[in-house]
Amino acid sequence: MADDKDPAAAQIRAVRPDDDPGALLELNERSFGPKSPDVRDQWWQAVARLVAQGRCLGAFAEGRLVGVALYHDMRQWWYGRAVPMAGVASVAVAPEHRGRGIARRLMADLLAEMGRRGYPISALFPATMSMYRSLGWELAGARETAEIPARSLSPLAPPDLPPEAGPVALKRAEPGDAAAVNSVIGRVHEAARDCGPITWDEATVRQWLGDRDLYAYLSHDGFLIYHWHDGNDAVFVEGAEAMSAATVRAFWSHVGSHASIAEKVYARVGAADAFWWLTRERDADVTHRSLWMLRVVDAPAAIAARGFPAATSLSVPLDLADGARPENSGRWELTVAEGKGSLSPLTSPPAAGPPLALGPRGLAALYAGTPVATLRRAALASGGSPEGDAALDAAFGGATAYMLDSF
């Protein structure tokens with residue numbers, strides 16, 4: 001009989017619909033804390049879909065679920081292009097089974113499964129980073145929450161120039177609008193050449209739009225979603241994403257109209273969000289910041305899927321070493337032209353000295369726009385040349401990576 005302290009004693013396999021659903025919920029709450037009945041129901045609806053799709057791995061010891069890791073099917077925007085992304089979530093091991101390597105085995109198998117399913121990249125919000133870093137994930141961006149006295153949004157700071165569009169009509173968004181919501185969010189991120197935000201699957205968006213505690217509005221070029229917070233003392237804006245100045249102002253004027261009731265507004269916003277230029281006073285501030293990590297699962301596919309600045313043109317040799325994904329390892333030629341990139345095997349020695357050497361963490365951080373000089377100082381890059389560094393910074397550093405959503 002296998003020693004129950006041996007990590008190999010746990011069997012890793014996909015959680016099946018006929019497995020005990022109570023065991024999944026019990027493990028999640030034992031690891032992350034109890035949920036209210038409403039949150040529990042929403043969590044289980046989402047997890048049940050992932051289980052049915054084979055996107056949830058479990059570790060079983062003596063037939064009992066002792067560990068779990070799952071991922072969502074998402075799209076993440078990188079310089080205005082949507083890249084298929086596996087969003088890892090709910091990684092948990094029963095407290096009495098921790099320290100035996102189960103989480104790492106789960107994540108290694110999950111990484112291999114994401115590769116088999118063709119995901120170029122993966123992202124996650126870490127509770128702890130050492131295990132994820134050992135498998136090639138690295139810090140890529142932040143999810144920030146701004147806090148502002150509601151009075152600073154009522155009225156907004158006046159524009160220098162009148163918005164080009166006229167009055168904006170806001171329509172209440174309902175579950176049947178899920179496809180339209182995803183479409184408009186995609187157009188916003190494409191037009192802004194955003195890096196990092198995600199688009200959810202329609203089933204999840206449909207579930208949100210059916211939540212009576214969320215207030216969602218759709219316009220021809222934007223989407224607003226918020227809820228009351230701390231009773232009725234604050235409004236929490238989960239997203240106010242729009243293409244035109246007129247719609248942006250309409251959204252924040254709508255939020256500011258609650259100032260007679262709400263003392264504060266909390267908002268998920270990026271560092272370059274127009275929100276920061278609309279408040280009347282300087283009292284808006286970031287009060288919470290969650291860091292997220294990125295992993296390049298398939299290097300050639302990730303480069304080909306990502307957007308790049310149209311004016312950037314380069315050809316830089318790379319030497320990649322990726323123990324967990326050996327398909328990414330080797331010498332490559334990174335080429336960027338006309339807003340598109342490619343990664344091709346390097347068939348001859350580079351003419352201008354050694355290639356830039358990167359491990360999976362360095363590649364992930366570069367992909368997210370981290371300057372090469374920073375990677376060198378963090379011992380995540382070596383070799384290369386000053387000219388190559390400048391070219392890579394121009395190609396990957398077009399925008400600061402951020403997220404509005406967690407998962």
# chains A, B, ... in the order shown; residues from 1 in each chain; ligands from 1
call {"tool": "residues_around", "arguments": {"residues": "A:Ser260", "least_positions_apart": "5", "cutoff": "10 Å", "atoms": "only C-alpha atoms", "output": "PDB file with N, CA and C atoms, in the first residue's frame"}}
result
ATOM      1  N   ALA A 150     -17.441  60.759  -3.915  1.00  0.00           N
ATOM      2  CA  ALA A 150     -18.413  60.851  -5.012  1.00  0.00           C
ATOM      3  C   ALA A 150     -18.608  62.293  -5.482  1.00  0.00           C
ATOM      4  N   ARG A 151     -18.407  63.255  -4.583  1.00  0.00           N
ATOM      5  CA  ARG A 151     -18.611  64.649  -4.972  1.00  0.00           C
ATOM      6  C   ARG A 151     -17.676  65.085  -6.090  1.00  0.00           C
ATOM      7  N   SER A 154     -19.338  64.832  -9.543  1.00  0.00           N
ATOM      8  CA  SER A 154     -20.612  65.520  -9.760  1.00  0.00           C
ATOM      9  C   SER A 154     -20.453  67.019  -9.504  1.00  0.00           C
TER      10      SER A 154
END
call {"tool": "residues_around", "arguments": {"residues": "A:Leu218", "least_positions_apart": "5", "cutoff": "6 Å", "atoms": "only C-alpha atoms", "output": "tab-separated table (two decimals) with C-alpha atoms, in the first residue's frame"}}
result
chain	number	residue	atom	x	y	z
A	170	LEU	CA	-27.72	54.14	-22.12
A	171	LYS	CA	-29.68	50.90	-22.39
A	173	ALA	CA	-28.14	45.39	-20.32
A	223	PHE	CA	-20.38	49.03	-21.33
call {"tool": "closest_residue", "arguments": {"among": "A:Ala390, A:Ala262, A:Ala191, A:Leu363", "to": "A:Gly80", "atoms": "only C-alpha atoms"}}
result
A:Ala191
call {"tool": "select_by_dssp", "arguments": {"residues": "stretch 71-199 of chain A", "states": "alpha helix (DSSP H)", "output": "ChimeraX atom specification"}}
result
/A:102-116,130-134,178-192
call {"tool": "closest_residue", "arguments": {"among": "A:Val68, A:Cys195, A:Leu224, A:Ala146", "to": "A:Ala103", "atoms": "only C-alpha atoms"}}
result
A:Val68
call {"tool": "residues_around", "arguments": {"residues": "A:Ala274", "least_positions_apart": "4", "cutoff": "12 Å", "atoms": "only C-alpha atoms", "output": "number ranges by chain"}}
result
A: 156-157, 159, 192, 240-249, 251-252, 269-270, 278-279
call {"tool": "write_last_selection", "arguments": {"atoms": "N, CA and C atoms", "output": "mmCIF file, in the first residue's frame"}}
result
data_model
loop_
_atom_site.group_PDB
_atom_site.id
_atom_site.type_symbol
_atom_site.label_atom_id
_atom_site.label_comp_id
_atom_site.auth_asym_id
_atom_site.auth_seq_id
_atom_site.Cartn_x
_atom_site.Cartn_y
_atom_site.Cartn_z
ATOM 1 N N LEU A 156 -18.455 66.494 -13.529
ATOM 2 C CA LEU A 156 -17.115 66.144 -13.997
ATOM 3 C C LEU A 156 -16.337 67.402 -14.354
ATOM 4 N N ALA A 157 -15.024 67.249 -14.440
ATOM 5 C CA ALA A 157 -14.196 68.356 -14.922
ATOM 6 C C ALA A 157 -14.611 68.684 -16.357
ATOM 7 N N PRO A 159 -14.527 69.593 -20.321
ATOM 8 C CA PRO A 159 -13.566 69.266 -21.381
ATOM 9 C C PRO A 159 -12.978 70.525 -22.002
ATOM 10 N N ALA A 192 -8.192 50.935 -28.324
ATOM 11 C CA ALA A 192 -7.252 51.548 -27.375
ATOM 12 C C ALA A 192 -5.893 50.863 -27.371
ATOM 13 N N ALA A 240 -16.083 50.522 -16.618
ATOM 14 C CA ALA A 240 -16.703 51.600 -17.390
ATOM 15 C C ALA A 240 -15.831 51.769 -18.629
ATOM 16 N N GLU A 241 -16.135 50.980 -19.643
ATOM 17 C CA GLU A 241 -15.265 50.881 -20.812
ATOM 18 C C GLU A 241 -15.981 51.429 -22.040
ATOM 19 N N ALA A 242 -15.372 52.407 -22.695
ATOM 20 C CA ALA A 242 -16.014 53.050 -23.833
ATOM 21 C C ALA A 242 -14.968 53.566 -24.802
ATOM 22 N N MET A 243 -15.396 53.760 -26.060
ATOM 23 C CA MET A 243 -14.485 54.231 -27.094
ATOM 24 C C MET A 243 -14.462 55.754 -27.202
ATOM 25 N N SER A 244 -15.618 56.394 -27.092
ATOM 26 C CA SER A 244 -15.698 57.831 -27.355
ATOM 27 C C SER A 244 -15.702 58.643 -26.066
ATOM 28 N N ALA A 245 -15.267 59.896 -26.186
ATOM 29 C CA ALA A 245 -15.274 60.799 -25.033
ATOM 30 C C ALA A 245 -16.696 61.031 -24.545
ATOM 31 N N ALA A 246 -17.659 61.103 -25.464
ATOM 32 C CA ALA A 246 -19.039 61.343 -25.063
ATOM 33 C C ALA A 246 -19.568 60.215 -24.193
ATOM 34 N N THR A 247 -19.269 58.967 -24.567
ATOM 35 C CA THR A 247 -19.763 57.833 -23.786
ATOM 36 C C THR A 247 -19.030 57.718 -22.458
ATOM 37 N N VAL A 248 -17.721 57.957 -22.450
ATOM 38 C CA VAL A 248 -16.976 57.942 -21.194
ATOM 39 C C VAL A 248 -17.582 58.946 -20.218
ATOM 40 N N ARG A 249 -17.849 60.145 -20.685
ATOM 41 C CA ARG A 249 -18.428 61.177 -19.809
ATOM 42 C C ARG A 249 -19.841 60.786 -19.377
ATOM 43 N N PHE A 251 -20.968 57.763 -18.907
ATOM 44 C CA PHE A 251 -20.850 56.720 -17.891
ATOM 45 C C PHE A 251 -20.506 57.312 -16.526
ATOM 46 N N TRP A 252 -19.485 58.170 -16.484
ATOM 47 C CA TRP A 252 -19.047 58.685 -15.185
ATOM 48 C C TRP A 252 -20.011 59.732 -14.633
ATOM 49 N N VAL A 269 -9.962 50.577 -12.522
ATOM 50 C CA VAL A 269 -9.481 51.413 -13.626
ATOM 51 C C VAL A 269 -8.007 51.141 -13.874
ATOM 52 N N GLY A 270 -7.592 51.283 -15.117
ATOM 53 C CA GLY A 270 -6.184 51.191 -15.457
ATOM 54 C C GLY A 270 -5.479 52.516 -15.246
ATOM 55 N N LEU A 278 -11.034 63.072 -15.512
ATOM 56 C CA LEU A 278 -12.404 63.568 -15.433
ATOM 57 C C LEU A 278 -12.788 64.071 -14.050
ATOM 58 N N THR A 279 -12.062 63.678 -13.010
ATOM 59 C CA THR A 279 -12.434 64.089 -11.665
ATOM 60 C C THR A 279 -12.093 65.562 -11.436
#
call {"tool": "closest_atom_pairs", "arguments": {"of": "stretch 13-119 of chain A", "to": "stretch 365-384 of chain A", "cutoff": "12 Å", "atoms": "only C-alpha atoms", "output": "tab-separated table"}}
result
residue	atom	partner	partner_atom	distance
A:Gln76	CA	A:Ala368	CA	11.4
A:Trp77	CA	A:Ala368	CA	10.7
A:Trp78	CA	A:Ala368	CA	8.2
A:Tyr79	CA	A:Ala368	CA	9.9
call {"tool": "closest_residue", "arguments": {"among": "A:Leu124, A:Leu343, A:Ala250, A:Val168", "to": "A:Met403", "atoms": "only C-alpha atoms"}}
result
A:Leu124
call {"tool": "closest_residue", "arguments": {"among": "A:Asp273, A:Glu263, A:Glu190, A:Asp393", "to": "A:Ala82", "atoms": "only C-alpha atoms"}}
result
A:Glu190
call {"tool": "closest_residue", "arguments": {"among": "A:Pro149, A:Gly323, A:Pro345, A:Gly67", "to": "A:Pro360", "atoms": "only C-alpha atoms"}}
result
A:Gly323
call {"tool": "residues_around", "arguments": {"residues": "A:Gly359", "least_positions_apart": "5", "cutoff": "7 Å", "atoms": "only C-alpha atoms", "output": "PDB file with N, CA and C atoms, in the first residue's frame"}}
result
ATOM      1  N   LEU A 320      15.880  30.693 -25.884  1.00  0.00           N
ATOM      2  CA  LEU A 320      14.892  30.384 -24.851  1.00  0.00           C
ATOM      3  C   LEU A 320      15.189  29.032 -24.218  1.00  0.00           C
ATOM      4  N   ALA A 321      15.079  28.974 -22.895  1.00  0.00           N
ATOM      5  CA  ALA A 321      15.240  27.725 -22.145  1.00  0.00           C
ATOM      6  C   ALA A 321      14.024  27.555 -21.255  1.00  0.00           C
ATOM      7  N   ASP A 322      13.218  26.528 -21.522  1.00  0.00           N
ATOM      8  CA  ASP A 322      11.963  26.325 -20.813  1.00  0.00           C
ATOM      9  C   ASP A 322      11.841  24.851 -20.450  1.00  0.00           C
ATOM     10  N   LEU A 380      16.774  37.859 -15.120  1.00  0.00           N
ATOM     11  CA  LEU A 380      15.832  37.134 -15.966  1.00  0.00           C
ATOM     12  C   LEU A 380      16.215  37.211 -17.435  1.00  0.00           C
TER      13      LEU A 380
END
call {"tool": "residues_around", "arguments": {"residues": "A:Trp208", "least_positions_apart": "5", "cutoff": "10 Å", "atoms": "only C-alpha atoms", "output": "JSON, numbers by chain"}}
result
{"A": [42, 174, 175, 178, 202, 203, 213, 214, 215, 216, 225]}
call {"tool": "residues_around", "arguments": {"residues": "A:Leu139", "least_positions_apart": "6", "cutoff": "9 Å", "atoms": "only C-alpha atoms", "output": "list in words"}}
result
Met129, Arg133, Leu291, Trp292, Met293, Leu294, Arg361, Ala364, Ala365 and Ala368 of chain A
call {"tool": "atom_distance", "arguments": {"atom1": "atom CA of A:Asn28", "atom2": "atom CA of A:Gly99"}}
result
17.5 Å
call {"tool": "residues_around", "arguments": {"residues": "A:Trp43", "least_positions_apart": "6", "cutoff": "10 Å", "atoms": "only C-alpha atoms", "output": "PyMOL selection string"}}
result
chain A and resi 25+35+37
